[in-house]
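What's in target-v6.cif: mmCIF, C-alpha atoms
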data_coords
loop_
_atom_site.label_atom_id
_atom_site.label_comp_id
_atom_site.auth_asym_id
_atom_site.auth_seq_id
_atom_site.Cartn_x
_atom_site.Cartn_y
_atom_site.Cartn_z
CA MET A 1 14.67 24.64 -16.35
CA ILE A 2 12.37 22.77 -13.97
CA ILE A 3 10.45 19.56 -14.74
CA GLU A 4 7.86 18.37 -12.24
CA TYR A 5 6.57 14.84 -11.61
CA PHE A 6 3.29 14.13 -9.82
CA PHE A 7 2.55 10.54 -8.71
CA ASP A 8 -1.18 10.18 -7.90
CA PHE A 9 -2.08 6.86 -6.25
CA ASP A 10 -5.59 5.43 -6.17
CA ASP A 11 -5.72 5.93 -2.38
CA LYS A 12 -5.42 9.72 -2.99
CA LYS A 13 -1.78 9.81 -1.90
CA GLN A 14 0.32 12.13 -4.05
CA LEU A 15 4.09 12.43 -4.35
CA HIS A 16 5.65 15.47 -6.00
CA PHE A 17 9.19 15.83 -7.33
CA GLN A 18 10.93 18.78 -8.95
CA VAL A 19 14.00 18.24 -11.09
CA ASP A 20 16.18 21.24 -11.88
CA LEU A 21 17.98 20.34 -15.10
CA ASP A 22 20.56 23.08 -14.52
CA ARG A 23 21.37 22.27 -10.89
CA GLN A 24 24.99 22.45 -9.81
CA PHE A 25 26.61 19.84 -7.59
CA ASP A 26 28.91 21.02 -4.79
CA PHE A 27 31.63 18.40 -4.42
CA LYS A 28 32.98 20.25 -1.37
CA GLN A 29 29.75 20.11 0.63
CA ASP A 30 29.59 18.37 4.01
CA LEU A 31 28.44 14.81 3.34
CA SER A 32 29.18 13.38 6.77
CA THR A 33 25.51 12.47 7.31
CA ALA A 34 24.86 11.20 3.78
CA PRO A 35 23.50 7.62 3.52
CA GLU A 36 26.07 4.83 3.43
CA TRP A 37 24.83 3.51 0.09
CA THR A 38 25.73 6.79 -1.64
CA LYS A 39 29.46 6.48 -0.89
CA LEU A 40 31.53 6.28 -4.05
CA ASN A 41 33.28 3.05 -3.01
CA ASN A 42 29.94 1.27 -2.43
CA ASN A 43 29.65 -0.94 -5.55
CA LYS A 44 31.61 1.67 -7.46
CA CYS A 45 31.13 1.48 -11.23
CA SER A 46 34.12 -0.16 -12.92
CA ASN A 47 34.33 2.71 -15.43
CA CYS A 48 33.79 5.55 -12.95
CA PRO A 49 36.37 8.30 -13.63
CA LEU A 50 35.95 9.86 -10.16
CA LYS A 51 38.72 9.13 -7.64
CA ILE A 52 37.74 8.10 -4.13
CA ASP A 53 40.46 10.24 -2.54
CA GLU A 54 38.91 13.30 -4.20
CA PHE A 55 35.20 12.42 -4.24
CA SER A 56 33.72 10.65 -1.23
CA HIS A 57 30.20 10.09 -2.61
CA CYS A 58 28.52 9.24 -5.90
CA PRO A 59 26.69 12.36 -7.15
CA ALA A 60 24.00 10.36 -8.97
CA ALA A 61 23.28 8.30 -5.84
CA LEU A 62 22.93 11.43 -3.74
CA ASP A 63 20.48 12.87 -6.25
CA LEU A 64 18.41 9.68 -6.33
CA ASP A 65 18.32 8.93 -2.61
CA LYS A 66 15.02 10.68 -1.88
CA VAL A 67 13.24 9.05 -4.84
CA ILE A 68 14.46 5.56 -4.02
CA ARG A 69 13.44 5.88 -0.37
CA GLU A 70 9.96 7.10 -1.30
CA PHE A 71 9.22 4.08 -3.48
CA GLN A 72 11.13 1.28 -1.75
CA GLN A 73 8.02 -0.21 -0.09
CA THR A 74 5.64 0.01 -3.06
CA PRO A 75 5.26 -2.90 -5.55
CA ALA A 76 6.41 -2.18 -9.10
CA ILE A 77 3.07 -3.30 -10.56
CA THR A 78 1.08 -0.71 -8.59
CA LYS A 79 -1.14 1.25 -10.98
CA LEU A 80 -1.32 5.02 -10.67
CA ARG A 81 -1.51 8.23 -12.67
CA VAL A 82 1.72 10.10 -13.36
CA THR A 83 1.72 13.66 -14.65
CA VAL A 84 4.87 15.32 -15.95
CA VAL A 85 4.93 19.10 -16.30
CA THR A 86 7.60 20.72 -18.48
CA PRO A 87 7.87 24.39 -19.53
CA GLU A 88 6.43 23.49 -22.95
CA ARG A 89 3.71 20.92 -22.21
CA GLU A 90 2.23 18.34 -19.86
CA TYR A 91 2.22 14.55 -20.13
CA ALA A 92 -0.13 12.31 -18.20
CA LYS A 93 -0.60 8.56 -18.23
CA ARG A 94 -2.01 5.78 -16.09
CA LEU A 95 0.74 3.19 -15.80
CA SER A 96 2.67 0.95 -13.45
CA LEU A 97 4.86 2.47 -10.77
CA GLU A 98 7.90 0.91 -12.44
CA GLU A 99 7.31 2.95 -15.62
CA GLY A 100 6.81 6.17 -13.70
CA VAL A 101 9.89 5.66 -11.54
CA ARG A 102 11.95 4.76 -14.60
CA ALA A 103 11.07 8.06 -16.29
CA LEU A 104 11.84 10.14 -13.19
CA MET A 105 15.07 8.31 -12.36
CA GLY A 106 16.24 8.61 -15.96
CA LEU A 107 15.77 12.37 -15.89
CA ILE A 108 17.58 12.73 -12.56
CA MET A 109 20.52 10.54 -13.57
CA ALA A 110 20.94 12.27 -16.95
CA THR A 111 21.24 15.66 -15.24
CA SER A 112 23.39 14.53 -12.32
CA ALA A 113 27.09 15.31 -11.94
CA CYS A 114 28.04 11.74 -12.88
CA PRO A 115 30.51 12.07 -15.79
CA VAL A 116 29.07 8.98 -17.52
CA PHE A 117 25.36 9.74 -17.10
CA ASN A 118 26.13 13.31 -18.15
CA THR A 119 26.39 12.14 -21.78
CA LEU A 120 22.58 11.88 -21.66
CA ARG A 121 22.07 15.56 -20.80
CA PRO A 122 20.91 16.47 -24.36
CA ASN A 123 18.19 13.82 -24.03
CA ALA A 124 17.09 15.36 -20.74
CA ARG A 125 16.76 18.81 -22.29
CA HIS A 126 14.10 17.31 -24.56
CA HIS A 127 12.62 14.95 -21.99
CA LEU A 128 10.09 12.41 -23.26
CA PRO A 129 8.61 10.50 -20.32
CA PHE A 130 7.10 7.04 -20.78
CA ALA A 131 9.07 6.50 -24.02
CA SER A 132 8.87 3.07 -25.66
CA ARG A 133 11.97 1.06 -26.53
CA GLU A 134 11.68 2.16 -30.18
CA GLU A 135 11.31 5.81 -29.20
CA SER A 136 14.32 5.61 -26.89
CA VAL A 137 16.55 4.13 -29.60
CA LEU A 138 15.33 6.58 -32.24
CA ARG A 139 15.83 9.60 -29.97
CA SER A 140 19.32 8.48 -28.97
CA ALA A 141 20.37 8.00 -32.59
CA SER A 142 18.75 11.25 -33.73
CA LEU A 143 20.37 13.39 -31.04
CA TYR A 144 23.73 11.74 -31.64
CA LEU A 145 23.52 12.45 -35.38
CA MET A 146 22.55 16.06 -34.66
CA ASN A 147 25.67 16.36 -32.54
CA GLN A 148 27.78 14.93 -35.34
CA TYR A 149 26.30 17.46 -37.77
CA LEU A 150 27.40 20.25 -35.43
CA VAL A 151 30.85 18.65 -35.16
CA ALA A 152 31.11 18.72 -38.96
CA GLN A 153 29.96 22.35 -39.05
CA GLU A 154 32.80 23.24 -36.71
CA GLY A 155 35.32 21.52 -38.99
CA GLY A 156 35.60 18.32 -36.97
CA GLU A 157 35.40 14.70 -38.11
CA PRO A 158 31.78 13.49 -37.73
CA ASP A 159 30.91 9.92 -36.81
CA TRP A 160 28.11 9.05 -39.22
CA GLU A 161 28.46 5.34 -38.48
CA LEU A 162 27.36 5.87 -34.87
CA LYS A 163 30.40 4.11 -33.44
CA GLY A 164 30.60 6.65 -30.65
CA LEU A 165 26.96 6.06 -29.72
CA ILE A 166 27.64 2.35 -29.33
CA LYS A 167 30.67 3.04 -27.12
CA THR A 168 28.67 5.49 -25.01
CA ASN A 169 25.97 2.91 -24.37
CA GLU A 170 28.58 0.29 -23.51
CA GLN A 171 29.74 2.65 -20.77
CA LEU A 172 26.16 3.35 -19.68
CA GLN A 173 25.51 -0.39 -19.52
CA LEU A 174 28.35 -0.80 -17.01
CA VAL A 175 27.07 2.09 -14.89
CA ASN A 176 23.46 0.92 -14.96
CA HIS A 177 24.45 -2.58 -13.85
CA ALA A 178 26.65 -1.31 -11.01
CA PHE A 179 23.96 1.11 -9.91
CA TRP A 180 21.41 -1.70 -9.84
CA GLN A 181 23.74 -3.69 -7.58
CA ARG A 182 24.22 -0.65 -5.36
CA VAL A 183 20.47 -0.11 -4.94
CA MET A 184 19.66 -3.78 -4.46
CA ALA A 185 22.29 -4.13 -1.73
CA ALA A 186 20.86 -1.17 0.17
CA PHE A 187 17.11 -1.42 -0.42
CA LYS A 188 16.05 -4.61 -2.27
CA SER A 189 13.28 -2.44 -3.71
CA ASP A 190 10.98 -3.89 -6.36
CA ALA A 191 10.02 -0.72 -8.26
CA ASN A 192 13.48 0.85 -8.12
CA SER A 193 15.34 -2.29 -9.18
CA LYS A 194 13.03 -2.96 -12.12
CA ALA A 195 13.30 0.65 -13.28
CA LEU A 196 17.11 0.40 -13.27
CA LEU A 197 17.00 -2.93 -15.11
CA SER A 198 14.99 -1.21 -17.85
CA PHE A 199 17.85 1.26 -18.38
CA PHE A 200 20.29 -1.63 -18.53
CA THR A 201 18.18 -3.32 -21.22
CA VAL A 202 17.95 -0.23 -23.43
CA SER A 203 21.67 0.55 -23.26
CA ALA A 204 22.45 -3.12 -23.91
CA SER A 205 20.25 -3.19 -27.02
CA ILE A 206 21.96 -0.10 -28.42
CA SER A 207 25.48 -1.28 -27.65
CA THR A 208 25.02 -4.79 -29.04
CA SER A 209 22.44 -4.50 -31.81
CA LEU A 210 22.05 -0.86 -32.86
CA ASP A 211 22.00 -1.71 -36.58
CA SER A 212 19.18 -4.22 -36.19
CA GLN A 213 17.28 -1.87 -33.87
CA LEU A 214 17.42 0.92 -36.44
CA ALA A 215 16.66 -1.46 -39.32
CA LYS A 216 13.29 -2.15 -37.71
CA MET A 217 12.43 1.51 -38.24
CA LYS A 218 13.09 1.60 -41.99
CA ASN A 219 9.39 1.47 -42.70
CA VAL A 220 9.07 4.89 -41.01
CA PHE A 221 11.20 6.44 -43.75
CA PHE A 222 10.78 4.14 -46.71
CA SER A 223 7.60 2.62 -48.07
CA SER A 224 7.56 -0.06 -50.72
CA ILE A 225 5.94 0.87 -54.04
CA GLU A 226 3.79 -1.84 -55.51
#
Spit out the file's structure as structure tokens when you get a sec.
Amino acid sequence: MIIEYFFDFDDKKQLHFQVDLDRQFDFKQDLSTAPEWTKLNNNKCSNCPLKIDEFSHCPAALDLDKVIREFQQTPAITKLRVTVVTPEREYAKRLSLEEGVRALMGLIMATSACPVFNTLRPNARHHLPFASREESVLRSASLYLMNQYLVAQEGGEPDWELKGLIKTNEQLQLVNHAFWQRVMAAFKSDANSKALLSFFTVSASISTSLDSQLAKMKNVFFSSIE
């Protein structure tokens, strides 16, 4: 499954990215010329399960290198039109570069070979670019509950209290923060750093205040009767 991103700037410049959601990562490939910042021991995430003596480079960093280099010189507030083409439909919106980069980076990280980011793969299969904070929380909770339903159908013990979702986002929070440090040390890029900080904020809100976040959405399901 391929998802395409088109970044159309006001000066007629266009950048095009294709993300293969089913791509496979070859951990045995020759990475001798890979950028220094992509090495696994460069601001390695504290919760990274990969061992440096077995894996020399961070798979998510390798996947993101081209994107980060393309946008490192462009201010985050730059306005442009971003079009996202999926097999089912197209999305288009005029927005800031930060928002566009955030959507693209999120898709790439969720489908990378990073064991922590990989927990977001179901979200990537139903990619919703330019999602608001409320939409992101609602989608995360909905997909998690769907997974728990399937667990119950298979005779397992479902987690209806969403405790696992909170733990997952605690892990994502650690990875997002470490990744932000990694990118800032190598590029000091405005658009890239702000996009990564947005991920950190969303995972932090889910891990620390999921109940209150979901409580704000009660009016979607329940209406008061006068």
Could the residues of range 4-91 of chain A that have an atom at most 7 Å from range 164-181 of chain A be listed as JSON lines, each with its closest atom pair and the distance in Å to one decimal, counting all atoms listed in the file and ordered by chain and ascending residue number?
{"residue": "A:Asn43", "atom": "CA", "partner": "A:Ala178", "partner_atom": "CA", "distance": 6.2}
{"residue": "A:Lys44", "atom": "CA", "partner": "A:Ala178", "partner_atom": "CA", "distance": 6.8}
{"residue": "A:Cys45", "atom": "CA", "partner": "A:Ala178", "partner_atom": "CA", "distance": 5.3}
Report as a compact mmCIF listing (two decimals) with C-alpha atoms, keeping the file's coordinate frame the residues that result from applying the PyMOL selection byres ((chain A and resi 68) around 10) to the structure here.
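And here's result.txt as it stands now:
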# COMPACT_ATOMS: atom_id res chain seq x y z
CA ALA A 61 23.28 8.30 -5.84
CA ASP A 63 20.48 12.87 -6.25
CA LEU A 64 18.41 9.68 -6.33
CA ASP A 65 18.32 8.93 -2.61
CA LYS A 66 15.02 10.68 -1.88
CA VAL A 67 13.24 9.05 -4.84
CA ARG A 69 13.44 5.88 -0.37
CA GLU A 70 9.96 7.10 -1.30
CA PHE A 71 9.22 4.08 -3.48
CA GLN A 72 11.13 1.28 -1.75
CA GLN A 73 8.02 -0.21 -0.09
CA VAL A 101 9.89 5.66 -11.54
CA MET A 105 15.07 8.31 -12.36
CA VAL A 183 20.47 -0.11 -4.94
CA PHE A 187 17.11 -1.42 -0.42
CA SER A 189 13.28 -2.44 -3.71
CA ALA A 191 10.02 -0.72 -8.26
CA ASN A 192 13.48 0.85 -8.12
CA SER A 193 15.34 -2.29 -9.18
### Message
Taking the file as I've supplied it (selection: the PyMOL selection byres ((chain A and resi 5) around 9)), which residues are included? Please answer as a list in words.
### Response
Ile3, Glu4, Phe6, Phe7, Leu15, His16, Phe17, Gln18, Val19, Val82, Thr83, Val84, Val85, Gly100 and Leu104 of chain A
Is it possible to get the axis-aligned box enclosing range 82-93 of chain A (all listed atoms, 5 Å extra per side) as JSON, with centre and edge lengths in Å rounded to one decimal?
{"center_x": 3.6, "center_y": 16.5, "center_z": -18.2, "size_x": 18.5, "size_y": 25.8, "size_z": 19.6}
### Task
Pull out every residue that the PyMOL selection byres ((chain A and resi 130) around 10) matches in the shown coordinates and put them as a PyMOL selection string.
chain A and resi 82+84+91-93+95+99-104+127-129+131-133+135-136
Just write the chosen residues, C-alpha atoms, as a tab-separated table (two decimals), keeping the file's coordinate frame.
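Written file, result.tsv:
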chain	number	residue	atom	x	y	z
A	82	VAL	CA	1.72	10.10	-13.36
A	84	VAL	CA	4.87	15.32	-15.95
A	91	TYR	CA	2.22	14.55	-20.13
A	92	ALA	CA	-0.13	12.31	-18.20
A	93	LYS	CA	-0.60	8.56	-18.23
A	95	LEU	CA	0.74	3.19	-15.80
A	99	GLU	CA	7.31	2.95	-15.62
A	100	GLY	CA	6.81	6.17	-13.70
A	101	VAL	CA	9.89	5.66	-11.54
A	102	ARG	CA	11.95	4.76	-14.60
A	103	ALA	CA	11.07	8.06	-16.29
A	104	LEU	CA	11.84	10.14	-13.19
A	127	HIS	CA	12.62	14.95	-21.99
A	128	LEU	CA	10.09	12.41	-23.26
A	129	PRO	CA	8.61	10.50	-20.32
A	131	ALA	CA	9.07	6.50	-24.02
A	132	SER	CA	8.87	3.07	-25.66
A	133	ARG	CA	11.97	1.06	-26.53
A	135	GLU	CA	11.31	5.81	-29.20
A	136	SER	CA	14.32	5.61	-26.89
